[in-house]
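In what follows, a structure is listed as structure tokens, so that the remarks can point back to it.
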Amino acid sequence: MQEVLPNVRCAALASESSVQATARRLSENGMTAHIVESGADASRLALGLIPDDAEVFTATSQTLEEIGLVAAIDASNRLRSVRSVLREMDMATQWHEMRALGARPDVIVGSVHAITEQGEVVVASASGSQLGPYASGAGKVIWVVGSQKIVPSLDEAMRRILEYALPLEDERAQLAYGQGSFIGKELIFYREYMPDRVHVILVKEKLGF
């Protein structure tokens with residue numbers, strides 16, 4: 001199989017005007033938008049948005065790993081990490097309990113693959129395990145998103161996923177699991193109707209895929 005090289009144009013950071021316009025449109029679409037300068041700022045803000053004693057599920061995300069947010073949540077004394085609980089469970093005998101824990105956490109923290117300047121959010125997934133909590137299962141959703149993921153349109157969002165995010169995720173999966181990745185399911189957020197449920201932290205740094 002021929003190697004697919006990522007389209008490096010998809011790694012360019014958005015302009016200041018694009019970031020500001022995207023944040024406004026996200027807010028108009030019912031999602032609370034935050035703009036921060038760095039991954040460290042994003043990590044602090046995300047932790048501050050999570051209430052004490054919340055059950056927190058961290059979706060698999062290169063962005064979260066890069067900024068140390070997964071480790072911070074796992075190590076927190078005031079939060080309950082779903083991932084930490086799942087690691088102690090046996091998939092062969094406790095699959096139904098594990099599935100329920102991941103499907104309806106108090107808070108899910110992750111990232112996305114593209115956000116349009118019209119405030120639409122696009123997530124692609126192989127298994128789809130994070131899509132249910134994102135869509136409605138989680139009480140609160142927090143996305144940390146590098147501004148290189150801002151695109152002009154939904155067509156460009158899909159192109160970014162196919163030409164940039166997927167080749168990089170395929171490479172990561174080969175190293176981590178010994179098998180490649182693929183797009184099994186996609187989720188598009190056009191609007192969120194629950195106030196304060198979805199928070200999008202736009203970061204003026206290149207983070208993740």
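Starting from 1 in every chain, residues are counted up; chains themselves are A, B, ... following the order of the structure tokens, and ligands are numbered from 1 as listed.
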
Checklist line | Nearby residues (only C-alpha atoms) at most 9 Å from Leu166 of chain A, same-chain spacing under 4 positions excluded, as a ChimeraX atom specification | finding: /A:6,124,160-162,170-171,181-183,209

How would the residues just chosen look if you wrote them out with all heavy atoms as a PDB file, in the first residue's frame?
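Result file out-v4.pdb:
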```pdb
ATOM      1  N   PRO A   6       1.034  13.470   4.701  1.00  0.00           N
ATOM      2  CA  PRO A   6       0.098  14.509   5.129  1.00  0.00           C
ATOM      3  C   PRO A   6       0.298  15.814   4.372  1.00  0.00           C
ATOM      4  O   PRO A   6       1.424  16.198   4.058  1.00  0.00           O
ATOM      5  CB  PRO A   6       0.410  14.683   6.622  1.00  0.00           C
ATOM      6  CG  PRO A   6       1.785  14.139   6.800  1.00  0.00           C
ATOM      7  CD  PRO A   6       1.962  13.066   5.778  1.00  0.00           C
ATOM      8  N   ALA A 124     -13.827  13.104  13.394  1.00  0.00           N
ATOM      9  CA  ALA A 124     -13.808  11.795  12.748  1.00  0.00           C
ATOM     10  C   ALA A 124     -13.253  10.767  13.730  1.00  0.00           C
ATOM     11  O   ALA A 124     -12.455  11.094  14.610  1.00  0.00           O
ATOM     12  CB  ALA A 124     -12.957  11.827  11.485  1.00  0.00           C
ATOM     13  N   ARG A 160      -9.236  18.345   5.129  1.00  0.00           N
ATOM     14  CA  ARG A 160      -8.204  18.355   6.168  1.00  0.00           C
ATOM     15  C   ARG A 160      -8.118  16.998   6.864  1.00  0.00           C
ATOM     16  O   ARG A 160      -7.029  16.500   7.155  1.00  0.00           O
ATOM     17  CB  ARG A 160      -8.516  19.447   7.199  1.00  0.00           C
ATOM     18  CG  ARG A 160      -7.454  19.589   8.236  1.00  0.00           C
ATOM     19  CD  ARG A 160      -7.722  20.643   9.292  1.00  0.00           C
ATOM     20  NE  ARG A 160      -6.475  20.872   9.987  1.00  0.00           N
ATOM     21  CZ  ARG A 160      -5.999  20.043  10.929  1.00  0.00           C
ATOM     22  NH1 ARG A 160      -6.689  18.984  11.292  1.00  0.00           N
ATOM     23  NH2 ARG A 160      -4.824  20.289  11.493  1.00  0.00           N
ATOM     24  N   ILE A 161      -9.268  16.404   7.165  1.00  0.00           N
ATOM     25  CA  ILE A 161      -9.287  15.096   7.827  1.00  0.00           C
ATOM     26  C   ILE A 161      -8.623  14.035   6.946  1.00  0.00           C
ATOM     27  O   ILE A 161      -7.771  13.273   7.403  1.00  0.00           O
ATOM     28  CB  ILE A 161     -10.731  14.698   8.173  1.00  0.00           C
ATOM     29  CG1 ILE A 161     -11.261  15.601   9.297  1.00  0.00           C
ATOM     30  CG2 ILE A 161     -10.806  13.239   8.594  1.00  0.00           C
ATOM     31  CD1 ILE A 161     -12.748  15.475   9.535  1.00  0.00           C
ATOM     32  N   LEU A 162      -9.000  13.997   5.680  1.00  0.00           N
ATOM     33  CA  LEU A 162      -8.496  12.962   4.776  1.00  0.00           C
ATOM     34  C   LEU A 162      -7.027  13.154   4.417  1.00  0.00           C
ATOM     35  O   LEU A 162      -6.270  12.178   4.332  1.00  0.00           O
ATOM     36  CB  LEU A 162      -9.343  12.931   3.496  1.00  0.00           C
ATOM     37  CG  LEU A 162     -10.771  12.409   3.648  1.00  0.00           C
ATOM     38  CD1 LEU A 162     -11.557  12.669   2.368  1.00  0.00           C
ATOM     39  CD2 LEU A 162     -10.769  10.927   3.989  1.00  0.00           C
ATOM     40  N   ASP A 170      -2.960   7.414  11.301  1.00  0.00           N
ATOM     41  CA  ASP A 170      -2.621   6.080  10.823  1.00  0.00           C
ATOM     42  C   ASP A 170      -1.201   5.705  11.253  1.00  0.00           C
ATOM     43  O   ASP A 170      -0.951   4.595  11.731  1.00  0.00           O
ATOM     44  CB  ASP A 170      -2.746   6.035   9.302  1.00  0.00           C
ATOM     45  CG  ASP A 170      -2.511   4.643   8.755  1.00  0.00           C
ATOM     46  OD1 ASP A 170      -3.367   3.768   8.963  1.00  0.00           O
ATOM     47  OD2 ASP A 170      -1.456   4.426   8.131  1.00  0.00           O
ATOM     48  N   GLU A 171      -0.284   6.658  11.125  1.00  0.00           N
ATOM     49  CA  GLU A 171       1.100   6.417  11.544  1.00  0.00           C
ATOM     50  C   GLU A 171       1.177   6.192  13.049  1.00  0.00           C
ATOM     51  O   GLU A 171       1.876   5.281  13.524  1.00  0.00           O
ATOM     52  CB  GLU A 171       1.967   7.607  11.144  1.00  0.00           C
ATOM     53  CG  GLU A 171       3.431   7.466  11.514  1.00  0.00           C
ATOM     54  CD  GLU A 171       4.250   8.680  11.129  1.00  0.00           C
ATOM     55  OE1 GLU A 171       3.668   9.670  10.632  1.00  0.00           O
ATOM     56  OE2 GLU A 171       5.475   8.650  11.338  1.00  0.00           O
ATOM     57  N   SER A 181      -5.138   3.105  11.048  1.00  0.00           N
ATOM     58  CA  SER A 181      -6.425   3.691  11.403  1.00  0.00           C
ATOM     59  C   SER A 181      -7.271   3.891  10.151  1.00  0.00           C
ATOM     60  O   SER A 181      -6.809   3.681   9.022  1.00  0.00           O
ATOM     61  CB  SER A 181      -6.214   5.027  12.121  1.00  0.00           C
ATOM     62  OG  SER A 181      -7.431   5.502  12.652  1.00  0.00           O
ATOM     63  N   PHE A 182      -8.505   4.299  10.364  1.00  0.00           N
ATOM     64  CA  PHE A 182      -9.431   4.537   9.271  1.00  0.00           C
ATOM     65  C   PHE A 182     -10.560   5.430   9.792  1.00  0.00           C
ATOM     66  O   PHE A 182     -10.700   5.624  11.005  1.00  0.00           O
ATOM     67  CB  PHE A 182     -10.018   3.223   8.746  1.00  0.00           C
ATOM     68  CG  PHE A 182     -10.743   2.417   9.805  1.00  0.00           C
ATOM     69  CD1 PHE A 182     -12.107   2.583  10.033  1.00  0.00           C
ATOM     70  CD2 PHE A 182     -10.043   1.512  10.594  1.00  0.00           C
ATOM     71  CE1 PHE A 182     -12.766   1.861  11.027  1.00  0.00           C
ATOM     72  CE2 PHE A 182     -10.689   0.789  11.600  1.00  0.00           C
ATOM     73  CZ  PHE A 182     -12.062   0.964  11.803  1.00  0.00           C
ATOM     74  N   ILE A 183     -11.338   5.987   8.906  1.00  0.00           N
ATOM     75  CA  ILE A 183     -12.497   6.773   9.310  1.00  0.00           C
ATOM     76  C   ILE A 183     -13.725   5.868   9.301  1.00  0.00           C
ATOM     77  O   ILE A 183     -14.182   5.436   8.240  1.00  0.00           O
ATOM     78  CB  ILE A 183     -12.703   7.986   8.385  1.00  0.00           C
ATOM     79  CG1 ILE A 183     -11.507   8.920   8.469  1.00  0.00           C
ATOM     80  CG2 ILE A 183     -13.984   8.734   8.770  1.00  0.00           C
ATOM     81  CD1 ILE A 183     -11.545  10.055   7.474  1.00  0.00           C
ATOM     82  N   PHE A 209      -3.299  16.734  15.634  1.00  0.00           N
ATOM     83  CA  PHE A 209      -3.422  16.487  14.220  1.00  0.00           C
ATOM     84  C   PHE A 209      -4.574  17.299  13.605  1.00  0.00           C
ATOM     85  O   PHE A 209      -4.874  17.221  12.453  1.00  0.00           O
ATOM     86  CB  PHE A 209      -3.688  15.013  13.932  1.00  0.00           C
ATOM     87  CG  PHE A 209      -2.625  14.085  14.484  1.00  0.00           C
ATOM     88  CD1 PHE A 209      -2.955  12.802  14.841  1.00  0.00           C
ATOM     89  CD2 PHE A 209      -1.313  14.511  14.654  1.00  0.00           C
ATOM     90  CE1 PHE A 209      -1.993  11.924  15.344  1.00  0.00           C
ATOM     91  CE2 PHE A 209      -0.352  13.657  15.160  1.00  0.00           C
ATOM     92  CZ  PHE A 209      -0.700  12.350  15.501  1.00  0.00           C
TER      93      PHE A 209
END
```

Item checked: DSSP-assigned strand (DSSP E or B) members of segment 1-195 of chain A, reported as an NGL selection string -> :A and (32-36 or 55-58 or 80-81 or 107-110 or 114-116 or 121-125 or 140-146 or 150-151 or 185-189)

Next item on the list: Would you mind listing what lies within 7 Å of segment 133-149 of chain A as a ChimeraX atom specification, with only C-alpha atoms counted and same-chain residues fewer than 4 positions away left out?
Entry: /A:10-14,19,42,46,103-115,197-207

Emit the selected residues as a tab-separated table (two decimals), in the first residue's frame, including C-alpha atoms.
```
chain	number	residue	atom	x	y	z
A	10	CYS	CA	-3.23	21.90	6.84
A	11	ALA	CA	-0.71	22.61	9.61
A	12	ALA	CA	-0.68	26.39	9.11
A	13	LEU	CA	-2.02	28.43	12.03
A	14	ALA	CA	-5.13	30.52	11.40
A	19	VAL	CA	-9.61	32.88	15.15
A	42	ALA	CA	-5.47	25.74	27.62
A	46	ALA	CA	-9.77	23.20	30.93
A	103	ALA	CA	-20.76	6.76	27.38
A	104	ARG	CA	-22.15	9.09	30.05
A	105	PRO	CA	-19.42	10.86	32.03
A	106	ASP	CA	-20.03	14.13	33.84
A	107	VAL	CA	-17.36	15.69	31.62
A	108	ILE	CA	-15.58	14.57	28.47
A	109	VAL	CA	-12.36	16.32	27.45
A	110	GLY	CA	-10.87	15.91	23.99
A	111	SER	CA	-10.18	17.63	20.70
A	112	VAL	CA	-11.63	17.77	17.20
A	113	HIS	CA	-10.27	17.55	13.66
A	114	ALA	CA	-11.63	20.76	12.16
A	115	ILE	CA	-13.70	23.85	12.95
A	197	ARG	CA	-22.53	22.40	27.84
A	198	VAL	CA	-19.87	22.69	25.10
A	199	HIS	CA	-16.68	24.68	25.63
A	200	VAL	CA	-14.20	25.14	22.78
A	201	ILE	CA	-10.72	26.34	23.77
A	202	LEU	CA	-9.02	27.78	20.68
A	203	VAL	CA	-5.24	27.81	21.09
A	204	LYS	CA	-2.91	30.05	19.09
A	205	GLU	CA	-0.43	27.18	18.80
A	206	LYS	CA	-0.18	24.11	16.59
A	207	LEU	CA	-1.46	21.21	18.67
```

Item checked: Non-local contacts of segment 85-97 of chain A (12 Å; only C-alpha atoms; under 5 positions in same chain excluded) as number ranges by chain -> A: 55-58, 74, 80, 102-104

Checklist line | Residues of segment 29-90 of chain A in alpha helix (DSSP H), written as a list of chain:residue names | finding: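 Taking segment 29-90 of chain A and keeping alpha helix (DSSP H) only, one gets A:Gly39, A:Ala40, A:Asp41, A:Ala42, A:Ser43, A:Arg44, A:Leu45, A:Ala46, A:Leu47, A:Gly48, A:Leu49, A:Gln62, A:Thr63, A:Leu64, A:Glu65, A:Glu66, A:Leu69, A:Val70, A:Ala71, A:Ala72, A:Ile73, A:Asp74, A:Ala75, A:Val82, A:Arg83, A:Ser84, A:Val85, A:Leu86, A:Arg87.
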
Check: How many Å separate atom CA of Ala100 of chain A from atom CA of Ser127 of chain A?
Finding: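 Distance reported for this atom pair: 15.3 Å.
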
Next item on the list: Please provide as a PyMOL selection string all residues within 8 Å of segment 21-32 of chain A, with the sequence filter that same-chain residues fewer than 3 positions apart are discarded (counting only C-alpha atoms).
Entry: chain A and resi 17-18+35+115-120+150+190-200+202

Check: Do you have the atom CA of Gly68 of chain A-atom CA of Pro167 of chain A distance handy?
Finding: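 Separation between atom CA of Gly68 of chain A and atom CA of Pro167 of chain A: 23.3 Å.
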
Item checked: Interatomic distance (Å, one decimal) between atom CA of Ala173 of chain A and atom CA of Ser61 of chain A -> 11.8 Å

Notebook entry, point to check: Hey, what's within 10 Å of Arg78 of chain A if we count only C-alpha atoms and toss same-chain stuff fewer than 5 positions away? As a ChimeraX atom specification, please?
Noted result: /A:50-55,73

For Lys185 of chain A, please output as a PDB file with all heavy atoms, in the first residue's frame all residues within 7 Å (counting only C-alpha atoms; exclusion window: fewer than 4 positions along the same chain).
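Final output, saved to out02.pdb:
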```pdb
ATOM      1  N   ALA A 124     -13.827  13.104  13.394  1.00  0.00           N
ATOM      2  CA  ALA A 124     -13.808  11.795  12.748  1.00  0.00           C
ATOM      3  C   ALA A 124     -13.253  10.767  13.730  1.00  0.00           C
ATOM      4  O   ALA A 124     -12.455  11.094  14.610  1.00  0.00           O
ATOM      5  CB  ALA A 124     -12.957  11.827  11.485  1.00  0.00           C
ATOM      6  N   SER A 125     -13.678   9.513  13.567  1.00  0.00           N
ATOM      7  CA  SER A 125     -13.264   8.480  14.512  1.00  0.00           C
ATOM      8  C   SER A 125     -13.281   7.117  13.837  1.00  0.00           C
ATOM      9  O   SER A 125     -14.081   6.878  12.924  1.00  0.00           O
ATOM     10  CB  SER A 125     -14.208   8.476  15.720  1.00  0.00           C
ATOM     11  OG  SER A 125     -13.898   7.425  16.611  1.00  0.00           O
ATOM     12  N   ALA A 126     -12.417   6.222  14.282  1.00  0.00           N
ATOM     13  CA  ALA A 126     -12.464   4.842  13.812  1.00  0.00           C
ATOM     14  C   ALA A 126     -13.591   4.085  14.532  1.00  0.00           C
ATOM     15  O   ALA A 126     -14.527   3.600  13.915  1.00  0.00           O
ATOM     16  CB  ALA A 126     -11.122   4.153  14.027  1.00  0.00           C
ATOM     17  N   GLY A 128     -15.639   5.400  17.058  1.00  0.00           N
ATOM     18  CA  GLY A 128     -16.788   6.240  17.413  1.00  0.00           C
ATOM     19  C   GLY A 128     -17.043   6.322  18.902  1.00  0.00           C
ATOM     20  O   GLY A 128     -18.059   6.881  19.327  1.00  0.00           O
TER      21      GLY A 128
END
```

Next item on the list: Could you tell me which of A:Ile188, A:Leu49, A:Ala59, A:Val123 comes closest to Ala165 of chain A if we count only C-alpha atoms?
Entry: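 The shortest atom-to-atom distance to Ala165 of chain A comes from A:Val123.
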
Notebook entry, point to check: Between A:Arg172, A:Phe189, A:Gly184, A:Leu45, which one has atoms that come closest to Gln62 of chain A, using only C-alpha atoms?
Noted result: A:Arg172

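Ranking A:Val36, A:Leu47, A:Leu168, A:Val122 by their shortest atom-to-atom distance to Ser76 of chain A, with only C-alpha atoms included, puts A:Leu47 first.
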
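The smallest atom-to-atom distance between Arg99 of chain A and any of A:Ala72, A:Ser81, A:Ser129, A:Glu65, using only C-alpha atoms, is found for A:Ser129.
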